[in-house]
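Asks: Have a look at the structure that comes next, please.
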Number of protein chains: 4
Amino acid sequence: MTTAVPHGGRSAPSRDDRPNIDAASIGTEASSESYRSVRAWTHALCEPLTTEDYVVSSMPDVSPTKWHLAHTSWFFETFVLGPHLVGYEPLDPRYAFLFNSYYVQAGERHCRAQRGLVTRPGVEQIYDYRAWVDEHVLRLIDALDSGALGIVHGASPDEIRALITLGLNHEQQHQELMLTDIKHVLWTNPLRPTYSERPPSHREPEARRAASRWKEVPEGVYRIGFEGTGFSYDNESPAHRVFLEPFALATELVTNAEYLAFMEDGGYARPELWLSSGWDAVRSQGWEAPLYWERDGNDWTNFTLHGTERVNRSEPVSHVSFFEADAYARWAGARLPTEAEWEVTCAAAPLDGAYAESRLFHPHAADPSSASEDPRQCYGDVWQWTGSQYTPYPGYRPAAGAIGEYNGKWMADQWVLRGASVATPRSHARLTYRNFFHSPTRWQFSGIRLARDN
Amino acid sequence: MTTAVPHGGRSAPSRDDRPNIDAASIGTEASSESYRSVRAWTHALCEPLTTEDYVVSSMPDVSPTKWHLAHTSWFFETFVLGPHLVGYEPLDPRYAFLFNSYYVQAGERHCRAQRGLVTRPGVEQIYDYRAWVDEHVLRLIDALDSGALGIVHGASPDEIRALITLGLNHEQQHQELMLTDIKHVLWTNPLRPTYSERPPSHREPEARRAASRWKEVPEGVYRIGFEGTGFSYDNESPAHRVFLEPFALATELVTNAEYLAFMEDGGYARPELWLSSGWDAVRSQGWEAPLYWERDGNDWTNFTLHGTERVNRSEPVSHVSFFEADAYARWAGARLPTEAEWEVTCAAAPLDGAYAESRLFHPHAADPSSASEDPRQCYGDVWQWTGSQYTPYPGYRPAAGAIGEYNGKWMADQWVLRGASVATPRSHARLTYRNFFHSPTRWQFSGIRLARDN
Amino acid sequence: MTTAVPHGGRSAPSRDDRPNIDAASIGTEASSESYRSVRAWTHALCEPLTTEDYVVSSMPDVSPTKWHLAHTSWFFETFVLGPHLVGYEPLDPRYAFLFNSYYVQAGERHCRAQRGLVTRPGVEQIYDYRAWVDEHVLRLIDALDSGALGIVHGASPDEIRALITLGLNHEQQHQELMLTDIKHVLWTNPLRPTYSERPPSHREPEARRAASRWKEVPEGVYRIGFEGTGFSYDNESPAHRVFLEPFALATELVTNAEYLAFMEDGGYARPELWLSSGWDAVRSQGWEAPLYWERDGNDWTNFTLHGTERVNRSEPVSHVSFFEADAYARWAGARLPTEAEWEVTCAAAPLDGAYAESRLFHPHAADPSSASEDPRQCYGDVWQWTGSQYTPYPGYRPAAGAIGEYNGKWMADQWVLRGASVATPRSHARLTYRNFFHSPTRWQFSGIRLARDN
Amino acid sequence: MTTAVPHGGRSAPSRDDRPNIDAASIGTEASSESYRSVRAWTHALCEPLTTEDYVVSSMPDVSPTKWHLAHTSWFFETFVLGPHLVGYEPLDPRYAFLFNSYYVQAGERHCRAQRGLVTRPGVEQIYDYRAWVDEHVLRLIDALDSGALGIVHGASPDEIRALITLGLNHEQQHQELMLTDIKHVLWTNPLRPTYSERPPSHREPEARRAASRWKEVPEGVYRIGFEGTGFSYDNESPAHRVFLEPFALATELVTNAEYLAFMEDGGYARPELWLSSGWDAVRSQGWEAPLYWERDGNDWTNFTLHGTERVNRSEPVSHVSFFEADAYARWAGARLPTEAEWEVTCAAAPLDGAYAESRLFHPHAADPSSASEDPRQCYGDVWQWTGSQYTPYPGYRPAAGAIGEYNGKWMADQWVLRGASVATPRSHARLTYRNFFHSPTRWQFSGIRLARDN
């Protein structure tokens, strides 16, 4: 192993070699600084891993860490370097096959089911691949910045910058997946190893959170969707109008204490609380608590990236499926908000929150002393399931070519989640962001915020 | 076999014994006449069947005909007779278990996967069961009609009438399923037997249909959902407002000729036209045409309830999944309408159409001479897939108790279809009706009407 | 339904019309009398069935009764009439496809998984098909008998007689399957209907059977396999020599009382008693008793062709898999006999036994008063699992052509059973008969006779 | 990575540190020298591997290399150290759960399906575990050797020596599996990486092998099974007598050239050549050649541990299933030998052969110039499928306790293979050895030797 591999702690780069990652400053514009920072954060997330940890996939939703490292580089190679850097030669032409995820228009690809069986190229070679791609993207950015465009072709500088920005946002999505995936990998191991130590300052006492209130919103025609400057995905556009009947949104996330009340009231044993397919999932999967919870006598433990802990009752509940969020809401006499309701109500909320850069890696309890009239913890901590299935906005147009496969082709039988989680990079969050997963998905940091008709 | 069993043609009731079914007059109010007519239509649909035909289930979506006959009677027994007719005794208490479909709150039930393996009670006993239920429901209706309420209890007369009406509408849904199910059963047989002869007058010459036009609808706040008198399902309520951006709806259904153009343009071989899960379905199911189409040299045949016929190019395409409807729309440079767009635009369309009572049992070509500025064939012929997933209307409240399972618990990962098909009873159709099926479903008479942004 | 259909009791042939079946006299030589008797017994077995009962297949091993009726006729049509009766025309050429079971060399065939979904041809047409085949086979037999060979071709009279004999033995195998299959079909029905009433004289009191003894056999070279005259399958040949180390065979079958002792000793919960794949079957199938047994408080019931009865402790245990027979033997400190050991030891046993013609349709307890030094109940009652996997005898040659698929191609991963069961026709049993099924098979009347090293 | 890890070549132990492995001298008696040599050969086989290679399982039959390393140590810990070394403490008590394979009586164990998902303990810790076990086993052997038995308990010295010998033979079996498993892992990688370079001297020219002859064996009673001194598995005992009808055994293994003739004659497209379940496997698996063969225009390539090579026609065919061996034999007008026929005929053959220690890692062509009257290549090169299913010898008694699960519980639905392969350690081969696999197994070095009736 060379010293360039940031894993295992044993041979990680020395502190001096490390890029200086200032969490708050990571941006996603197409600049050298953004590029370096985003890519370095990917490496920072790998520091706690052993070589072996990089290799496996513990279930179909989970990709190996080394695949994430390679695929995010493949994205730059395929959509930025290949078409736009004059004379670019791939480090290994076979990687185009090996590290394409699902872009049918970008050529044949390795089957997803076997991602976790590919041992070579190994971790070192993947880092070499990243370095190769970095070197060339930075050369391209320099040319764009300096106006020395002799090595640039195929599109306008602005178009190429837009692709680089897309690549950085793409990498940020995979940063979140790397955390949720490695959490699942470690949990699959019966020894339940730990990703990282919880910083002592993060170990919060349990405290009763202030009761959630209802933020009431009057009926009316509202405008939702992205229309600012800066980056957004195509699925957030176009901005458009919706009519909302009067409703109210909970100011607080549902806590573990509240969810335990649902469980103790027979929540997982009462079919009338569940959608039909949700009840099927409860039975066939044997669900009786959120993912990562395990019975410990009369109590429950929670496997976190810091190891197995006692369930903290004041934290937001996490790792619940849409089915569980929906059943909880029904039990509570409420419902999940639509994505439009969420967006309209949270429009004024600050983008603050416990993001990945906090290195908390676990949702945290809201401050019990600072109750609010407005929704709190909209971002960071947990994604919030909505009652909206993921379909195109009126007037939606996917991007041209393979890039258009990014969002549009998934618009069936998934649900929108809003906000951001404790695994999301801070600069990746925004009001109009539409995350989406299938009904039974539980390995994301996904929680619950209630709504009701007014 | 007694002569009471309307099957096989061999021992069907004589013409004189048959209830006089006037298609146009079948209603679903809780009257003796409606009750008799709806129940008789169920029997009429069985006339072409042999005893053996009643028994089997050819795939998980399909129920045996004799199960449909029994289950629709179970519905009256469970929700009307048991709770509301004083002293009612079931003909066989074990039927409560055997013929419950999915009503968890109505007690334990036989597993769906084995419905097609139950040979006893046989067809005769099922008809006996129907006669038993009929006798008691009619006695109850008489009591309600005459005000001789001594044998009625548990709810108000109006509430009981509402349950009877629900039971009749429920039976009508199963009438449609009986046709689509037996079509699939007969098609599964390699001998491809025929349900009924196509009336010679129905054999239409192919004719170029007038080109479809676009009915333009301006932006605005519209009101949708049921708010009239008469019957509707809970999922059509409450009426509420929606904002629609400007759009246009096609005046005509997509024809087989148009769909063939999509096929000939490589429609089933071009992943970029498909949703990702749709493309998976194409590959794993080997789809290359609508269900029931088979290659015949350079031509295509179409299995219908009248046997195998050559594909008629001027008929509306039918038996396509949501995935195929969506891919076709993308290929055509259009999209599927939302259910609100469909409802707003078709609000003025007459309820006319080729319903089941026409005994056509196959969609028919629109009259080529009578092009229109307004949508045609909104009802009858084929259900029309929308781009709206099936979720509750704002303010939706399911009915209390087991009846509440009717619609609400299915509100996940299905798509709304609007209109009605050639298998739908006429009195079952209405503007606000929300039918719903999963993305890959093809055994219903489901077709395509396009929309576009304006 | 015409009166020709022997089902349901309702419209069965009158007693006078029935062929006079004298159980003891049914032979399988190629004579008109044998042919008529064997075919008539098939019909006799169908008498208790309703039309619906004929249609379904309750699991992959089970074929519908009407398929058995047709397939046994197809066998004569394909291997006897087509090649050897001049000018023979099939009643329906499509039946060649529909009713071929597994004879690859006899052409394409319908997939087994869909046998239970084919409703037409119906029961009446199948009986018509049988009548058609009967008429022609009898015409051929007459020609062979009378030496009027003008309508016979393709092979010698003796060869054709051999094929007819094979067809009759083939039909007898299906007679046994018809009983075991319909038993499974009726049991799958939660109403647990009855095939036939148990004759009162057959309801035996429980009585302690005499203890089983060990019949000792000295080491030596023995000759096994068929070498007489009369019919045998190719897999029983050639006769050959085997060396047997000294051993002993139990004189009695294992009873339900003995098997209950195994169960009460934790037999189904102790992995050390089971083969590894047997233990997997126990766990994955949830076995805790023989097939058809159900707990009834502290007792067990047994579903029989006469309905659900209390387990009779003195009867031979039946419907156990090889895995269960093997585990029981290990628990009992014994083992299963090899097929050579069985054949050598039972060589002198009379062919008496409770065969299908007894209409017992359930194994019976041995007479407790007549203990014996020699094996009893070798035939009738239950097939006896051996510890020999089904492989060819040294020098084995399968018959030429498609007929050669009859036995040879199944010689992998199955176990030989010896004897005969209560569902076997009497004239079908013989010393050298090799029946064979897979390790987990339980729907046959299969039981246990122990052996040990001496 | 410490330098103690023999992988990747990059940080492998220096030549001087390596145990001096003299292939020919590795024995399996319970001596320090044997123990050190066997364990060192395990490490030698890992030298070409990267850390990532150790982790994955490419199909259910395949275990990760690091699991093999750990499990073979667990075997010594569980059956030797725990019960017999006074005061032994396991390095990590959780390994007892993690590295038990299938010994039900040795306690709960990790599920096999997840073996390839466990990333920690990592490769280094596994080597530490091996060192810990080595230290203690060697201490125990020293005590046994020196008669200083104060730290030994629970059994007699001879019994403990027998367990150590069993552990070494067990490790040798896993050495063979390590090679066959890593071959499959590397082949699963679309980049098809190489395990090791083929030594240039090993690259053999193609040469027509001398035609195979038939070694004739007269009928008679023969004695087979193990009865010498030294180690054998329980399944080779007791020695016993069998009667063999006259037969002949081929002197040569079937070559790739001969197998290609079968393929070119439509071998994979002619159902009449196959057992029924074999034909199912051909169709469902899409077999058209041995495992690891791929079409290359009109030619075939063969993936070996040295990478992808052109098929060498003079080499013995390898990586065929029982089904393919059986079909080939039928096509060739012959059959597979029974295991008794193989043992009787090869009894005089020398134990010479191309074993694992040759580092050939691929079967080699027989010398064309030295034809023989006696069977050649009985050992080394390829295991030879027999036509005998794997059942107990008469009088078989498994060892007591969990060790008894080693062989006995697998005696169902598998076939015996005889000889040894190019992946077998030399000292592991013997005349009476009974290897066994399921009918469709292809990832072992398994080939064909024909027999015939005489």
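We name chains A, B, ... following the order of the structure tokens; residues begin at 1 in each chain, and ligands are numbered from 1 as shown.
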Provide as a PyMOL selection string the residues of chain B at most 9 Å from chain A, counting only C-alpha atoms.
Replies: chain B and resi 102+104-105+221+240-245+271-278+387-392+394-395+401-402+405+408-415+438-439+452-454
Asks: Just asking: which residues within region 156-310 of chain C are strand (DSSP E or B) according to DSSP, as a compact mmCIF listing (two decimals) with all heavy atoms, in the first residue's frame?
Replies:
# COMPACT_ATOMS: atom_id res chain seq x y z
N TRP C 214 -36.25 -59.00 13.11
CA TRP C 214 -35.22 -58.82 12.08
C TRP C 214 -35.06 -60.11 11.30
O TRP C 214 -34.72 -61.14 11.86
CB TRP C 214 -33.89 -58.44 12.71
CG TRP C 214 -33.89 -57.08 13.36
CD1 TRP C 214 -33.92 -56.80 14.69
CD2 TRP C 214 -33.89 -55.83 12.68
NE1 TRP C 214 -33.93 -55.44 14.90
CE2 TRP C 214 -33.91 -54.82 13.68
CE3 TRP C 214 -33.88 -55.43 11.33
CZ2 TRP C 214 -33.91 -53.45 13.38
CZ3 TRP C 214 -33.88 -54.08 11.02
CH2 TRP C 214 -33.90 -53.12 12.04
N LYS C 215 -35.26 -60.04 10.03
CA LYS C 215 -35.02 -61.18 9.15
C LYS C 215 -33.56 -61.11 8.70
O LYS C 215 -33.16 -60.19 7.97
CB LYS C 215 -35.95 -61.07 7.94
CG LYS C 215 -35.71 -62.10 6.86
CD LYS C 215 -36.15 -63.48 7.30
CE LYS C 215 -36.01 -64.49 6.17
NZ LYS C 215 -36.52 -65.83 6.62
N GLU C 216 -32.77 -62.08 9.15
CA GLU C 216 -31.33 -62.03 8.88
C GLU C 216 -30.98 -62.69 7.55
O GLU C 216 -31.53 -63.74 7.21
CB GLU C 216 -30.57 -62.70 10.02
CG GLU C 216 -30.87 -62.01 11.34
CD GLU C 216 -29.94 -62.42 12.45
OE1 GLU C 216 -29.15 -63.37 12.25
OE2 GLU C 216 -29.99 -61.77 13.52
N VAL C 217 -30.07 -62.07 6.84
CA VAL C 217 -29.67 -62.57 5.52
C VAL C 217 -28.15 -62.66 5.51
O VAL C 217 -27.46 -61.68 5.82
CB VAL C 217 -30.16 -61.64 4.40
CG1 VAL C 217 -29.74 -62.16 3.03
CG2 VAL C 217 -31.67 -61.46 4.47
N GLY C 220 -23.18 -62.80 0.68
CA GLY C 220 -23.10 -63.66 -0.49
C GLY C 220 -23.35 -62.90 -1.77
O GLY C 220 -23.70 -61.71 -1.75
N VAL C 221 -23.15 -63.56 -2.88
CA VAL C 221 -23.46 -63.00 -4.19
C VAL C 221 -24.90 -63.40 -4.53
O VAL C 221 -25.24 -64.57 -4.49
CB VAL C 221 -22.49 -63.53 -5.27
CG1 VAL C 221 -22.95 -63.08 -6.66
CG2 VAL C 221 -21.07 -63.05 -5.00
N TYR C 222 -25.71 -62.40 -4.78
CA TYR C 222 -27.13 -62.64 -5.10
C TYR C 222 -27.41 -62.11 -6.49
O TYR C 222 -26.71 -61.25 -7.01
CB TYR C 222 -28.02 -61.94 -4.08
CG TYR C 222 -27.92 -62.50 -2.69
CD1 TYR C 222 -26.99 -62.01 -1.77
CD2 TYR C 222 -28.76 -63.54 -2.29
CE1 TYR C 222 -26.89 -62.53 -0.50
CE2 TYR C 222 -28.67 -64.07 -1.00
CZ TYR C 222 -27.73 -63.57 -0.11
OH TYR C 222 -27.65 -64.10 1.14
N ARG C 223 -28.48 -62.62 -7.04
CA ARG C 223 -28.88 -62.16 -8.37
C ARG C 223 -30.16 -61.35 -8.21
O ARG C 223 -31.12 -61.80 -7.58
CB ARG C 223 -29.12 -63.38 -9.27
CG ARG C 223 -29.33 -63.03 -10.72
CD ARG C 223 -29.22 -64.28 -11.59
NE ARG C 223 -29.40 -63.95 -12.99
CZ ARG C 223 -28.41 -63.58 -13.79
NH1 ARG C 223 -27.17 -63.56 -13.34
NH2 ARG C 223 -28.65 -63.24 -15.06
N ILE C 224 -30.20 -60.15 -8.76
CA ILE C 224 -31.41 -59.33 -8.70
C ILE C 224 -31.75 -58.82 -10.09
O ILE C 224 -30.96 -58.93 -11.03
CB ILE C 224 -31.28 -58.14 -7.73
CG1 ILE C 224 -30.23 -57.14 -8.25
CG2 ILE C 224 -30.94 -58.59 -6.31
CD1 ILE C 224 -30.28 -55.80 -7.55
N HIS C 240 -28.65 -59.22 -12.73
CA HIS C 240 -27.20 -59.17 -12.53
C HIS C 240 -26.90 -59.56 -11.10
O HIS C 240 -27.80 -59.69 -10.26
CB HIS C 240 -26.70 -57.76 -12.83
CG HIS C 240 -27.28 -56.74 -11.92
ND1 HIS C 240 -28.57 -56.28 -12.06
CD2 HIS C 240 -26.78 -56.10 -10.83
CE1 HIS C 240 -28.84 -55.41 -11.11
NE2 HIS C 240 -27.77 -55.28 -10.34
N ARG C 241 -25.62 -59.73 -10.85
CA ARG C 241 -25.20 -60.19 -9.53
C ARG C 241 -24.73 -59.03 -8.66
O ARG C 241 -24.14 -58.08 -9.15
CB ARG C 241 -24.07 -61.21 -9.68
CG ARG C 241 -24.56 -62.52 -10.25
CD ARG C 241 -23.44 -63.30 -10.91
NE ARG C 241 -23.00 -62.65 -12.15
CZ ARG C 241 -22.02 -63.13 -12.93
NH1 ARG C 241 -21.38 -64.22 -12.60
NH2 ARG C 241 -21.69 -62.47 -14.03
N VAL C 242 -25.01 -59.14 -7.38
CA VAL C 242 -24.51 -58.17 -6.40
C VAL C 242 -23.96 -58.94 -5.22
O VAL C 242 -24.42 -60.05 -4.91
CB VAL C 242 -25.61 -57.21 -5.91
CG1 VAL C 242 -26.13 -56.33 -7.04
CG2 VAL C 242 -26.78 -57.98 -5.28
N PHE C 243 -22.98 -58.36 -4.56
CA PHE C 243 -22.49 -58.95 -3.32
C PHE C 243 -23.11 -58.19 -2.16
O PHE C 243 -23.07 -56.96 -2.13
CB PHE C 243 -20.96 -58.86 -3.22
CG PHE C 243 -20.46 -59.56 -1.99
CD1 PHE C 243 -20.13 -60.91 -2.03
CD2 PHE C 243 -20.34 -58.88 -0.78
CE1 PHE C 243 -19.69 -61.57 -0.89
CE2 PHE C 243 -19.90 -59.52 0.36
CZ PHE C 243 -19.57 -60.88 0.31
N LEU C 244 -23.68 -58.91 -1.24
CA LEU C 244 -24.25 -58.27 -0.05
C LEU C 244 -23.49 -58.71 1.19
O LEU C 244 -23.31 -59.92 1.42
CB LEU C 244 -25.73 -58.62 0.10
CG LEU C 244 -26.65 -58.19 -1.04
CD1 LEU C 244 -28.09 -58.60 -0.73
CD2 LEU C 244 -26.55 -56.70 -1.27
N PHE C 247 -26.77 -58.71 6.57
CA PHE C 247 -27.68 -57.64 7.03
C PHE C 247 -28.96 -58.29 7.52
O PHE C 247 -29.15 -59.51 7.40
CB PHE C 247 -27.98 -56.67 5.88
CG PHE C 247 -28.85 -57.27 4.82
CD1 PHE C 247 -30.23 -57.07 4.81
CD2 PHE C 247 -28.29 -58.10 3.84
CE1 PHE C 247 -31.03 -57.66 3.84
CE2 PHE C 247 -29.09 -58.69 2.86
CZ PHE C 247 -30.46 -58.47 2.87
N ALA C 248 -29.85 -57.42 8.04
CA ALA C 248 -31.18 -57.91 8.44
C ALA C 248 -32.21 -56.88 8.02
O ALA C 248 -31.94 -55.68 8.00
CB ALA C 248 -31.23 -58.13 9.95
N LEU C 249 -33.41 -57.37 7.67
CA LEU C 249 -34.50 -56.50 7.25
C LEU C 249 -35.65 -56.65 8.23
O LEU C 249 -35.96 -57.75 8.69
CB LEU C 249 -34.96 -56.90 5.85
CG LEU C 249 -35.93 -55.93 5.17
CD1 LEU C 249 -35.20 -54.68 4.68
CD2 LEU C 249 -36.61 -56.61 3.98
N ALA C 250 -36.29 -55.53 8.56
CA ALA C 250 -37.42 -55.56 9.50
C ALA C 250 -38.59 -56.30 8.88
O ALA C 250 -38.91 -56.12 7.70
CB ALA C 250 -37.82 -54.15 9.89
N THR C 255 -44.81 -48.02 12.18
CA THR C 255 -46.18 -47.57 12.41
C THR C 255 -46.22 -46.09 12.81
O THR C 255 -45.21 -45.50 13.17
CB THR C 255 -46.84 -48.37 13.54
OG1 THR C 255 -46.08 -48.12 14.73
CG2 THR C 255 -46.87 -49.85 13.23
N TRP C 293 -50.75 -34.53 8.14
CA TRP C 293 -51.02 -34.50 9.59
C TRP C 293 -51.20 -33.06 10.02
O TRP C 293 -50.49 -32.16 9.56
CB TRP C 293 -49.86 -35.10 10.37
CG TRP C 293 -49.71 -36.58 10.28
CD1 TRP C 293 -50.02 -37.36 9.21
CD2 TRP C 293 -49.20 -37.45 11.28
NE1 TRP C 293 -49.74 -38.67 9.48
CE2 TRP C 293 -49.22 -38.76 10.76
CE3 TRP C 293 -48.71 -37.27 12.57
CZ2 TRP C 293 -48.78 -39.87 11.47
CZ3 TRP C 293 -48.26 -38.37 13.29
CH2 TRP C 293 -48.32 -39.66 12.74
N GLU C 294 -52.15 -32.85 10.94
CA GLU C 294 -52.33 -31.52 11.52
C GLU C 294 -52.56 -31.66 13.00
O GLU C 294 -53.23 -32.58 13.46
CB GLU C 294 -53.54 -30.82 10.88
CG GLU C 294 -53.29 -30.42 9.45
CD GLU C 294 -54.48 -29.71 8.83
OE1 GLU C 294 -55.51 -30.37 8.61
OE2 GLU C 294 -54.37 -28.51 8.58
N ARG C 295 -52.01 -30.72 13.74
CA ARG C 295 -52.19 -30.72 15.18
C ARG C 295 -53.65 -30.47 15.53
O ARG C 295 -54.32 -29.63 14.93
CB ARG C 295 -51.38 -29.57 15.79
CG ARG C 295 -50.12 -29.99 16.43
CD ARG C 295 -49.47 -28.78 17.09
NE ARG C 295 -48.04 -28.81 16.89
CZ ARG C 295 -47.24 -29.66 17.55
NH1 ARG C 295 -47.73 -30.53 18.42
NH2 ARG C 295 -45.93 -29.65 17.31
N ASP C 296 -54.10 -31.17 16.54
CA ASP C 296 -55.44 -30.96 17.03
C ASP C 296 -55.33 -31.02 18.56
O ASP C 296 -55.49 -32.08 19.16
CB ASP C 296 -56.36 -32.06 16.49
CG ASP C 296 -57.78 -31.90 17.00
OD1 ASP C 296 -58.16 -30.76 17.35
OD2 ASP C 296 -58.50 -32.92 17.05
N ASP C 299 -53.34 -33.83 20.14
CA ASP C 299 -53.43 -35.00 19.27
C ASP C 299 -53.10 -34.58 17.83
O ASP C 299 -52.83 -33.43 17.56
CB ASP C 299 -54.85 -35.55 19.35
CG ASP C 299 -54.85 -37.07 19.18
OD1 ASP C 299 -53.83 -37.62 18.73
OD2 ASP C 299 -55.88 -37.68 19.50
N TRP C 300 -53.11 -35.53 16.94
CA TRP C 300 -52.86 -35.27 15.53
C TRP C 300 -54.00 -35.84 14.70
O TRP C 300 -54.48 -36.94 14.98
CB TRP C 300 -51.56 -35.93 15.08
CG TRP C 300 -50.34 -35.31 15.67
CD1 TRP C 300 -49.71 -35.67 16.82
CD2 TRP C 300 -49.60 -34.21 15.13
NE1 TRP C 300 -48.62 -34.87 17.04
CE2 TRP C 300 -48.52 -33.96 16.01
CE3 TRP C 300 -49.74 -33.40 13.99
CZ2 TRP C 300 -47.60 -32.94 15.79
CZ3 TRP C 300 -48.81 -32.40 13.77
CH2 TRP C 300 -47.76 -32.17 14.66
N THR C 301 -54.36 -35.09 13.66
CA THR C 301 -55.29 -35.64 12.68
C THR C 301 -54.55 -35.92 11.39
O THR C 301 -53.44 -35.44 11.17
CB THR C 301 -56.45 -34.68 12.38
OG1 THR C 301 -55.90 -33.48 11.80
CG2 THR C 301 -57.23 -34.33 13.64
N ASN C 302 -55.19 -36.69 10.56
CA ASN C 302 -54.58 -37.17 9.32
C ASN C 302 -55.63 -37.00 8.22
O ASN C 302 -56.71 -37.58 8.29
CB ASN C 302 -54.24 -38.66 9.51
CG ASN C 302 -53.33 -39.19 8.42
OD1 ASN C 302 -52.94 -38.45 7.53
ND2 ASN C 302 -53.01 -40.47 8.51
N PHE C 303 -55.32 -36.19 7.21
CA PHE C 303 -56.25 -36.05 6.09
C PHE C 303 -56.10 -37.24 5.17
O PHE C 303 -55.00 -37.54 4.70
CB PHE C 303 -55.99 -34.75 5.32
CG PHE C 303 -56.90 -34.59 4.15
CD1 PHE C 303 -58.23 -34.21 4.32
CD2 PHE C 303 -56.45 -34.83 2.86
CE1 PHE C 303 -59.08 -34.07 3.24
CE2 PHE C 303 -57.30 -34.69 1.77
CZ PHE C 303 -58.61 -34.31 1.97
N THR C 304 -57.21 -37.93 4.93
CA THR C 304 -57.20 -39.11 4.06
C THR C 304 -58.18 -38.88 2.92
O THR C 304 -58.91 -37.88 2.90
CB THR C 304 -57.62 -40.37 4.83
OG1 THR C 304 -59.06 -40.32 5.01
CG2 THR C 304 -56.95 -40.44 6.20
N GLY C 307 -61.47 -38.14 4.18
CA GLY C 307 -61.64 -36.96 5.01
C GLY C 307 -60.63 -36.96 6.16
O GLY C 307 -59.72 -37.79 6.20
N THR C 308 -60.81 -36.02 7.05
CA THR C 308 -59.87 -35.87 8.16
C THR C 308 -60.23 -36.84 9.27
O THR C 308 -61.37 -36.89 9.72
CB THR C 308 -59.90 -34.41 8.66
OG1 THR C 308 -59.49 -33.56 7.60
CG2 THR C 308 -58.98 -34.22 9.85
N GLU C 309 -59.24 -37.62 9.70
CA GLU C 309 -59.45 -38.62 10.75
C GLU C 309 -58.40 -38.44 11.83
O GLU C 309 -57.38 -37.79 11.62
CB GLU C 309 -59.29 -40.03 10.14
CG GLU C 309 -60.20 -40.30 8.97
CD GLU C 309 -60.06 -41.72 8.42
OE1 GLU C 309 -59.01 -42.35 8.70
OE2 GLU C 309 -60.97 -42.18 7.72
N ARG C 310 -58.66 -39.03 12.97
CA ARG C 310 -57.64 -39.05 14.01
C ARG C 310 -56.53 -40.01 13.56
O ARG C 310 -56.81 -41.02 12.92
CB ARG C 310 -58.26 -39.54 15.32
CG ARG C 310 -57.45 -39.17 16.56
CD ARG C 310 -58.33 -39.21 17.81
NE ARG C 310 -58.86 -40.55 18.02
CZ ARG C 310 -58.14 -41.55 18.59
NH1 ARG C 310 -56.90 -41.33 19.01
NH2 ARG C 310 -58.67 -42.73 18.74
Asks: Report as an MDAnalysis selection string all protein, DNA and RNA residues lying within 12 Å of Ser372 (chain A), evaluated on only C-alpha atoms, omitting residues in the same chain fewer than 2 positions from it.
Replies: chainID A and resid 209:215 250:252 349 366:370 374:377
Asks: Using only C-alpha atoms, find the one residue out of C:Phe361, C:Tyr393, C:Trp287, C:Trp132 that sits nearest to Ala340 (chain C).
Replies: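 Of C:Phe361, C:Tyr393, C:Trp287, C:Trp132, the one nearest Ala340 (chain C) is C:Tyr393, counting only C-alpha atoms.
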Asks: Give me, as a ChimeraX atom specification, all polymer residues having an atom no more than 10 Å from region 115-127 of chain A, counting only C-alpha atoms and skipping those fewer than 5 positions away in the same chain.
Replies: /A:1-7,43,50-52,54-60,62-71,73,95,98-99,101,110,132-133 /D:49-59,116-117,185-193
